[in-house]
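Coordinates as given in upload.pdb (PDB, C-alpha atoms, pLDDT in the B column):
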```pdb
ATOM      1  CA  MET A 664    -168.632 -30.994  13.369  1.00 47.00           C
ATOM      2  CA  PRO A 665    -166.488 -34.087  13.967  1.00 57.00           C
ATOM      3  CA  MET A 666    -162.719 -33.768  14.000  1.00 74.00           C
ATOM      4  CA  ILE A 667    -161.360 -34.674  10.563  1.00 79.00           C
ATOM      5  CA  GLN A 668    -158.158 -36.696  10.246  1.00 83.00           C
ATOM      6  CA  LEU A 669    -156.490 -35.549   7.052  1.00 83.00           C
ATOM      7  CA  LYS A 670    -154.256 -38.572   6.407  1.00 85.00           C
ATOM      8  CA  ARG A 671    -156.927 -40.850   4.919  1.00 82.00           C
ATOM      9  CA  ASN A 672    -157.608 -39.077   1.611  1.00 73.00           C
ATOM     10  CA  LYS A 673    -154.448 -37.412   0.470  1.00 84.00           C
ATOM     11  CA  SER A 674    -155.974 -36.335  -2.849  1.00 83.00           C
ATOM     12  CA  HIS A 675    -158.051 -33.642  -1.105  1.00 87.00           C
ATOM     13  CA  HIS A 676    -157.095 -30.014  -0.662  1.00 89.00           C
ATOM     14  CA  PHE A 677    -157.803 -27.823   2.351  1.00 86.00           C
ATOM     15  CA  TYR A 678    -159.504 -24.573   1.312  1.00 89.00           C
ATOM     16  CA  ILE A 679    -158.917 -21.843   3.880  1.00 88.00           C
ATOM     17  CA  GLU A 680    -160.441 -18.375   3.811  1.00 89.00           C
ATOM     18  CA  CYS A 681    -159.259 -15.507   6.007  1.00 90.00           C
ATOM     19  CA  LYS A 682    -162.158 -14.144   8.035  1.00 89.00           C
ATOM     20  CA  ASN A 683    -160.612 -10.675   8.362  1.00 90.00           C
ATOM     21  CA  ASP A 684    -163.240  -8.591   6.534  1.00 89.00           C
ATOM     22  CA  SER A 685    -160.636  -6.226   5.112  1.00 92.00           C
ATOM     23  CA  CYS A 686    -158.597  -9.120   3.659  1.00 91.00           C
ATOM     24  CA  ARG A 687    -160.645 -12.259   2.770  1.00 90.00           C
ATOM     25  CA  HIS A 688    -157.529 -13.913   1.280  1.00 91.00           C
ATOM     26  CA  ASN A 689    -158.052 -17.590   0.432  1.00 90.00           C
ATOM     27  CA  ALA A 690    -155.957 -20.532  -0.647  1.00 89.00           C
ATOM     28  CA  MET A 691    -156.126 -24.200  -1.580  1.00 88.00           C
ATOM     29  CA  VAL A 692    -153.513 -26.173   0.351  1.00 89.00           C
ATOM     30  CA  PRO A 693    -152.871 -29.796  -0.674  1.00 91.00           C
ATOM     31  CA  VAL A 694    -153.434 -32.156   2.242  1.00 90.00           C
ATOM     32  CA  THR A 695    -150.100 -33.795   1.362  1.00 92.00           C
ATOM     33  CA  ALA A 696    -148.345 -30.474   2.063  1.00 91.00           C
ATOM     34  CA  LEU A 697    -150.033 -30.234   5.477  1.00 89.00           C
ATOM     35  CA  LEU A 698    -149.074 -33.814   6.325  1.00 91.00           C
ATOM     36  CA  LYS A 699    -145.474 -33.163   5.318  1.00 92.00           C
ATOM     37  CA  GLU A 700    -145.292 -29.960   7.387  1.00 89.00           C
ATOM     38  CA  TYR A 701    -147.213 -31.045  10.505  1.00 88.00           C
ATOM     39  CA  GLY A 702    -147.110 -34.860  10.502  1.00 92.00           C
ATOM     40  CA  GLU A 703    -149.496 -37.686   9.691  1.00 91.00           C
ATOM     41  CA  ASP A 704    -151.757 -37.102  12.702  1.00 90.00           C
ATOM     42  CA  ILE A 705    -152.767 -33.501  11.912  1.00 87.00           C
ATOM     43  CA  THR A 706    -156.517 -32.821  12.098  1.00 87.00           C
ATOM     44  CA  SER A 707    -158.725 -30.145  10.579  1.00 85.00           C
ATOM     45  CA  ASP A 708    -159.120 -28.534  14.011  1.00 85.00           C
ATOM     46  CA  GLU A 709    -155.351 -28.228  14.394  1.00 87.00           C
ATOM     47  CA  VAL A 710    -154.943 -26.758  10.904  1.00 85.00           C
ATOM     48  CA  LEU A 711    -157.550 -24.093  11.640  1.00 83.00           C
ATOM     49  CA  ARG A 712    -155.977 -23.297  14.989  1.00 85.00           C
ATOM     50  CA  ARG A 713    -152.509 -22.900  13.424  1.00 85.00           C
ATOM     51  CA  ALA A 714    -153.533 -21.191  10.174  1.00 85.00           C
ATOM     52  CA  ARG A 715    -152.287 -17.636   9.763  1.00 88.00           C
ATOM     53  CA  CYS A 716    -153.059 -15.547   6.698  1.00 90.00           C
ATOM     54  CA  THR A 717    -149.918 -14.856   4.668  1.00 90.00           C
ATOM     55  CA  LYS A 718    -151.437 -11.640   3.339  1.00 93.00           C
ATOM     56  CA  CYS A 719    -152.585  -9.854   6.526  1.00 93.00           C
ATOM     57  CA  GLY A 720    -151.357 -12.053   9.408  1.00 93.00           C
ATOM     58  CA  PHE A 721    -154.855 -12.746  10.804  1.00 92.00           C
ATOM     59  CA  GLN A 722    -155.106 -15.908  12.880  1.00 89.00           C
ATOM     60  CA  GLY A 723    -158.218 -17.549  14.286  1.00 79.00           C
ATOM     61  CA  ASN A 724    -161.836 -18.108  13.288  1.00 72.00           C
ATOM     62  CA  ASN A 725    -160.881 -18.867   9.681  1.00 74.00           C
ATOM     63  CA  GLN A 726    -163.223 -20.805   7.436  1.00 79.00           C
ATOM     64  CA  MET A 727    -162.224 -24.116   5.908  1.00 81.00           C
ATOM     65  CA  ARG A 728    -163.507 -26.721   3.484  1.00 84.00           C
ATOM     66  CA  LEU A 729    -162.060 -29.995   2.323  1.00 83.00           C
ATOM     67  CA  VAL A 730    -162.114 -30.090  -1.460  1.00 84.00           C
ATOM     68  CA  TYR A 731    -161.654 -33.246  -3.501  1.00 79.00           C
ATOM     69  CA  VAL A 732    -159.361 -32.910  -6.506  1.00 76.00           C
ATOM     70  CA  GLY A 733    -159.576 -35.770  -9.000  1.00 68.00           C
ATOM     71  CA  LYS A 734    -162.061 -38.144 -10.597  1.00 62.00           C
ATOM     72  CA  SER A 735    -165.607 -37.709  -9.315  1.00 57.00           C
ATOM     73  CA  ALA A 736    -166.148 -41.464  -8.843  1.00 54.00           C
ATOM     74  CA  LEU A 737    -163.699 -41.297  -5.941  1.00 52.00           C
ATOM     75  CA  ALA A 738    -164.923 -38.031  -4.441  1.00 53.00           C
ATOM     76  CA  GLN A 739    -166.929 -39.557  -1.600  1.00 55.00           C
ATOM     77  CA  THR A 740    -164.405 -42.121  -0.374  1.00 55.00           C
ATOM     78  CA  GLY A 741    -163.601 -40.017   2.684  1.00 53.00           C
ATOM     79  CA  SER A 742    -167.103 -39.000   3.619  1.00 51.00           C
ATOM     80  CA  ALA A 743    -167.975 -41.931   5.898  1.00 50.00           C
ATOM     81  CA  VAL A 744    -167.876 -41.461   9.655  1.00 48.00           C
ATOM     82  CA  ASN A 745    -166.074 -44.198  11.560  1.00 47.00           C
ATOM     83  CA  GLU A 746    -166.998 -45.765  14.897  1.00 49.00           C
ATOM     84  CA  ASP A 747    -165.277 -43.004  16.865  1.00 48.00           C
ATOM     85  CA  SER A 748    -167.279 -40.305  15.059  1.00 44.00           C
ATOM     86  CA  ILE A 749    -164.104 -39.051  13.426  1.00 42.00           C
ATOM     87  CA  LYS A 750    -164.504 -38.230   9.778  1.00 40.00           C
ATOM     88  CA  ASP A 751    -161.612 -39.653   7.772  1.00 40.00           C
ATOM     89  CA  VAL A 752    -160.753 -37.455   4.823  1.00 37.00           C
ATOM     90  CA  GLU A 753    -157.897 -36.661   3.131  1.00 39.00           C
ATOM     91  CA  ASN A 754    -151.744 -23.933  -3.397  1.00 39.00           C
ATOM     92  CA  VAL A 755    -150.464 -22.860  -0.153  1.00 43.00           C
ATOM     93  CA  TRP A 756    -151.839 -20.598   2.539  1.00 44.00           C
TER      94      TRP A 756
END
```

Rendering of file as structure tokens:
Amino acid sequence: MPMIQLKRNKSHHFYIECKNDSCRHNAMVPVTALLKEYGEDITSDEVLRRARCTKCGFQGNNQMRLVYVGKSALAQTGSAVNEDSIKDVENVW
């Protein structure tokens, strides 16, 4: 899976699910909140590496999805892969 730069589509949310079988906590985190906290150059790989479950404290091997929030006509604007094979895409964990 190509590294995803989150700054391109700020209307997306980052869905993260804890992979601790006894927890399975999940959350929708607005990309804008991640950019504010970690800076404009944060990638999906970095978010997954840093993510820690606020319910059980588990860190690592979490599952993520980018979820578009808004009008469906704009949903695919971040799905193209650029020349560098980096996918540009755009409530709290």

To verify the selection step, state as a short mmCIF file (atom, residue, chain, number, x, y, z; two decimals) with C-alpha atoms, keeping the file's coordinate frame which residues the PyMOL selection byres ((chain A and resi 718) around 12) yields on this input.
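What follows is the written file selection_35.cif:
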```
data_model
loop_
_atom_site.label_atom_id
_atom_site.label_comp_id
_atom_site.auth_asym_id
_atom_site.auth_seq_id
_atom_site.Cartn_x
_atom_site.Cartn_y
_atom_site.Cartn_z
CA GLU A 680 -160.44 -18.38 3.81
CA CYS A 681 -159.26 -15.51 6.01
CA LYS A 682 -162.16 -14.14 8.04
CA ASN A 683 -160.61 -10.68 8.36
CA SER A 685 -160.64 -6.23 5.11
CA CYS A 686 -158.60 -9.12 3.66
CA ARG A 687 -160.65 -12.26 2.77
CA HIS A 688 -157.53 -13.91 1.28
CA ASN A 689 -158.05 -17.59 0.43
CA ALA A 690 -155.96 -20.53 -0.65
CA ALA A 714 -153.53 -21.19 10.17
CA ARG A 715 -152.29 -17.64 9.76
CA CYS A 716 -153.06 -15.55 6.70
CA THR A 717 -149.92 -14.86 4.67
CA CYS A 719 -152.58 -9.85 6.53
CA GLY A 720 -151.36 -12.05 9.41
CA PHE A 721 -154.85 -12.75 10.80
CA GLN A 722 -155.11 -15.91 12.88
CA VAL A 755 -150.46 -22.86 -0.15
CA TRP A 756 -151.84 -20.60 2.54
#
```

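Distance check against Leu711 of chain A using all atoms listed in the file: of A:His675, A:Val692, A:Asn724, A:Leu698, the minimum falls on A:Asn724.
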
Next on the checklist: One number please: atom CA of Glu709 of chain A to atom CA of Leu729 of chain A, in Å, one decimal.
Outcome noted: 13.9 Å

Next on the checklist: Could you list, as a list in words, every residue within 12 Å of Asp704 of chain A, counting all atoms listed in the file and ignoring same-chain residues fewer than 4 positions away?
Outcome noted: Met666, Ile667, Gln668, Leu669, Lys670, Arg671, Val694, Thr695, Leu697, Leu698, Lys699, Glu700, Asp708, Glu709, Val710, Asp751, Val752 and Glu753 of chain A

Checklist entry - Interatomic distance between atom CA of Gln726 of chain A and atom CA of Met691 of chain A? => result 12.0 Å

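As for atom CA of Asp684 of chain A and atom CA of Val732 of chain A, they are spaced 27.9 Å apart.
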
Give me the box for segment 714-725 of chain A as JSON, namely the centre and edge lengths in Å to one decimal of a box along x, y and z that holds every listed atom plus 5 Å on each side.
```
{"center_x": -155.9, "center_y": -15.5, "center_z": 8.8, "size_x": 21.9, "size_y": 21.3, "size_z": 20.9}
```
